[in-house]
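Undergrad: My questions all concern the structure below.
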Amino acid sequence: MSEMMSGFVLPPGLILILGAFILPLVEGRLRYALLLLLPVLTLLMIWMIPQDSAAVFGFMDYELEPMHSTPEGRLFATIFAVMAFTGGLYALNKATVLELSAAFFYAGSAIGVTFAGDLITLFIYWEMMALGSTLVLWANTQPQPAIDGSGKPRPGNPKAYGASMRYLLVHLFGGVVLMAGIVAYVYETGSIQFVVMQPDSLGTWLIMAGFLINAGAPPLSAWIADAYPEASPSGTVFLSAFTTKTAVFTLLMGFPGAEILIYIGLYMVFYGIIYALLENDMRRILAYSIVNQVGFMVTAIGVGSELALDGAAAHAFAHIIYKALLLMSAGSVLMMTGKRKCTDLGGLFQTMPVTAITGIIGALAISSFPFTSGFVTKSLEPSAAAFEGMVWVWFLLLAASAGVFLHAGIKFPWFVFFQKDSGMRPPDPDPHMKYAMWFFAFLCIGLGIFPEVLYGILPYELTYNAYTLDHLVTQFQLLFFAGFAFFALLPMMKRTLTISLDFDWFYRRFFKVVGREFTLKSNLIGHKTEMKIRGRINRVIDSLYEHHGPGGFLGKSWPSGSMVLWVAVLLACSLGLYYLR
């Protein structure tokens with residue numbers, strides 16, 4: 001049973017949300033101090049709130065729970081706060097004020113979702129997340145702070161605006177679906193509490209669909225690879241952490257054990273691998289990899305056992321760290337070279353050793369290399385499927401692990417830092433960016449060596465040992481043969497300047513063409529219809545003028561004498577008819 005909280009306690013996410021409005025009002029060292037201090041205060045507040053406690057107040061006929069502490073919520077809120085700190089350190093003086101404010105507003109809203117005990121509060125924070133993340137994208141349309149001491153600003157990305165508008169439309173659509181589901185659910189049950197549900201009614205199906213849109217599930221998976229790479233180097237890091245993982249949290253809390261999630265998750269797993277292998281843009285490779293990794297989590301939620309749910313939560317925690325590290329490494333390369341396509345890069349390890357080393361650590365972690373965070377978290381999910389007798393799910397997840405090593409574990413670092421010598425000799429980025437990368441690299445290794453630290457805060461009690469002989473041998477074999485396949489097929493792995501079509505083609509091209517054609521045809525039909533109506537009105541007017549105009553029969557002037565004669569004739573006829581009757 002949850003206990004009511006005595007006294008007023010500020011919801012942790014509000015610290016970052018309020019801070020987002022303060023950041024533009026301060027400058028210099030004070031702003032930098034707030035960027036690092038506010039996430040730390042948020043983290044302290046998260047752990048000060050008693051477990052299983054709730055703050056409740058009445059609203060109309062319902063009881064809202066803007067703060068409901070759960071083990072799952074505390075876990076996700078913790079990594080969100082850590083991400084806000086490290087992302088702020090990475091962005092420090094290399095991001096616009098708009099981006100920093102939007103990122104903190106975004107992060108605070110995500111933490112608000114993790115503490116939401118009712119669907120109305122959840123929806124409010126959900127829409128705030130959509131607004132904050134869109135502003136993070138918009139911020140990259142502005143001139144960016146200078147790289148060196150020259151003071152010359154970097155140009156913004158003109159593609160960011162179009163990407164942000166498509167991103168916003170997808171999330172507004174997802175918000176509408178979620179709101180419709182909440183309304184239907186409240187009508188069906190009379191309750192607004194955010195509890196475990198099953199997709200067995202219109203309301204719950206729509207709520208699940210709203211969550212899945214933010215998770216990057218089919219058919220709208222492409223918004224991640226469309227939008228995230230167009231943000232600034234630091235903006236992409238922030239975007240990678242919150243939206244999809246908040247969706248994982250809501251699915252974990254709302255729909256554990258929903259079998260449909262197994263099939264959706266497996267689709268996402270292999271979709272992400274295939275498109276990442278086809279991609280030439282290093283940041284789009286990592287964006288597709290987000291879909292792939294979230295697919296693992298969604299599949300585990302569909303399995304629904306305690307081990308599977310712990311696996312999804314642990315994987316989400318570790319994924320935020322190593323994916324942010326990979327994107328920091330890619331962002332540093334983009335910032336220092338201005339290039340993002342693999343065909344334009346190579347040989348950068350010679351002058352960017354920190355960026356290369358930390359990027360490789362992130363690549364090893366995402367590939368579940370032993371003694372990294374991925375090894376001790378991702379293995380929980382296929383193990384859970386095996387324990388539940390789902391051998392085919394276990395086999396597919398194991399095969400997908402090899403695919404992850406191919407596209408994120410080898411392809412990204414090989415083509416960016418090694419392969420051919422591009423001739424570019426950029427240095428590593430500023431110290432604060434290197435500190436952020438080293439910090440997350442340390443966490444990737446630290447959690448891999450001491451997994452008990454993470455296991456101890458998972459939702460369910462876990463007695464799992466990742467470092468068994470058979471697991472180590474299996475994983476080394478998997479990584480070895482995947483690596484051998486990559487280099488054996490290296491000519492096929494080299495990318496060219498191609499475009500991979502995805503479902504976003506429909507709303508970026510097809511629907512645009514259809515809309516333009518519809519507009520042209522409807523304008524033509526409207527013009528013809530208008531001309532027909534005008535012609536008929538003109539004919540009526542001409543007819544009226546012909547009969548009632550000055551020269552018309554009914555418009556002629558008549559002498560008074562003739563009118564008297566006609567009156568007399570009518571009277572005579574009337575009298576005649578009277579007597580004849």
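Simple scheme: letters A, B, ... for chains in structure tokens order, numbers from 1 for residues in each chain, numbers from 1 for ligands in the order shown.
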Please identify which residues in region 194-235 of chain A DSSP calls alpha helix (DSSP H) from the backbone, and express them as a list of chain:residue names.
TA: A:Leu202, A:Gly203, A:Thr204, A:Trp205, A:Leu206, A:Ile207, A:Met208, A:Ala209, A:Gly210, A:Phe211, A:Leu212, A:Ile213, A:Asn214, A:Ala215, A:Ala222, A:Trp223, A:Ile224, A:Ala225, A:Asp226, A:Ala227, A:Pro233, A:Ser234, A:Gly235
Undergrad: Name all residues at most 10 Å from Lys341 (chain A) (count only C-alpha atoms; drop same-chain ones fewer than 2 positions away) and give them as an NGL selection string.
TA: :A and (279-285 or 334 or 338-339 or 343-345 or 415-416 or 495-497)
Undergrad: What are the closest atom pairs, with distances in Å to one decimal, for each residue of region 148-237 of chain A lying within 9 Å of region 92-116 of chain A, using only C-alpha atoms, rows by chain and rising residue number, as CSV?
TA:
```
residue,atom,partner,partner_atom,distance
A:Phe194,CA,A:Ala116,CA,7.7
A:Ser232,CA,A:Ala95,CA,7.8
A:Pro233,CA,A:Ala95,CA,8.6
A:Ser234,CA,A:Ala95,CA,6.9
A:Gly235,CA,A:Glu99,CA,7.0
```
Undergrad: Find the residue from A:Ala258, A:Met197, A:Met268, A:Leu239 that sits nearest to Pro219 (chain A); use only C-alpha atoms when measuring.
TA: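 Of A:Ala258, A:Met197, A:Met268, A:Leu239, the one nearest Pro219 (chain A) is A:Met268, counting only C-alpha atoms.
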Undergrad: Mind pulling up the distance from CA of Lys378 (chain A) to CA of Thr86 (chain A)?
TA: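 Going from CA of Thr86 (chain A) over to CA of Lys378 (chain A), I get 22.8 Å.
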Undergrad: Tell me, as JSON, numbers by chain, which residues lie within 9 Å of Asp226 (chain A), counting only C-alpha atoms; anything in the same chain fewer than 3 positions away does not count.
TA: {"A": [163, 166, 167, 222, 223, 229, 230, 284, 287, 504]}
Undergrad: Do a neighbour search on Ile321 (chain A) at 8 Å with only C-alpha atoms, toss out local chain neighbours closer than 4 positions, and write the hits as a list in words.
TA: Met83, Phe317, Leu325, Phe440, Leu443 and Cys444 of chain A
Undergrad: Suppose you want the space between CA of Ser221 (chain A) and CA of Trp392 (chain A); what is it in Å?
TA: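 Atom-to-atom, CA of Ser221 (chain A) and CA of Trp392 (chain A) are spaced 23.8 Å apart.
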Undergrad: Which neighbours of region 432-438 of chain A fall inside 10 Å, counting only C-alpha atoms, when residues of the same chain fewer than 6 positions from it are skipped, and could you give them as a PyMOL selection string?
TA: chain A and resi 85-94+234+321-322+324-329+331-332+354-355+357-359+361-362+444
Undergrad: Quick one: everything within 12 Å of Leu202 (chain A), counting only C-alpha atoms, minus sequence neighbours fewer than 6 positions away in the same chain. Send it as a PyMOL selection string.
TA: chain A and resi 177-178+180-189+208-209
Undergrad: Restrict the calculation to only C-alpha atoms, then for each residue of region 119-231 of chain A with any atom at most 10 Å from an atom of region 46-69 of chain A give the closest atom pair and their distance in Å to one decimal, rows by chain and rising residue number, as a tab-separated table.
TA:
```
residue	atom	partner	partner_atom	distance
A:Leu119	CA	A:Leu64	CA	8.5
A:Ile120	CA	A:Leu64	CA	7.5
A:Thr121	CA	A:Pro66	CA	5.9
A:Leu122	CA	A:Pro66	CA	8.2
A:Tyr125	CA	A:Pro66	CA	9.9
A:Gly190	CA	A:Tyr62	CA	9.2
A:Ser191	CA	A:Tyr62	CA	7.9
A:Ile192	CA	A:Tyr62	CA	7.3
A:Gln193	CA	A:Leu64	CA	8.1
A:Phe194	CA	A:Glu65	CA	9.3
```
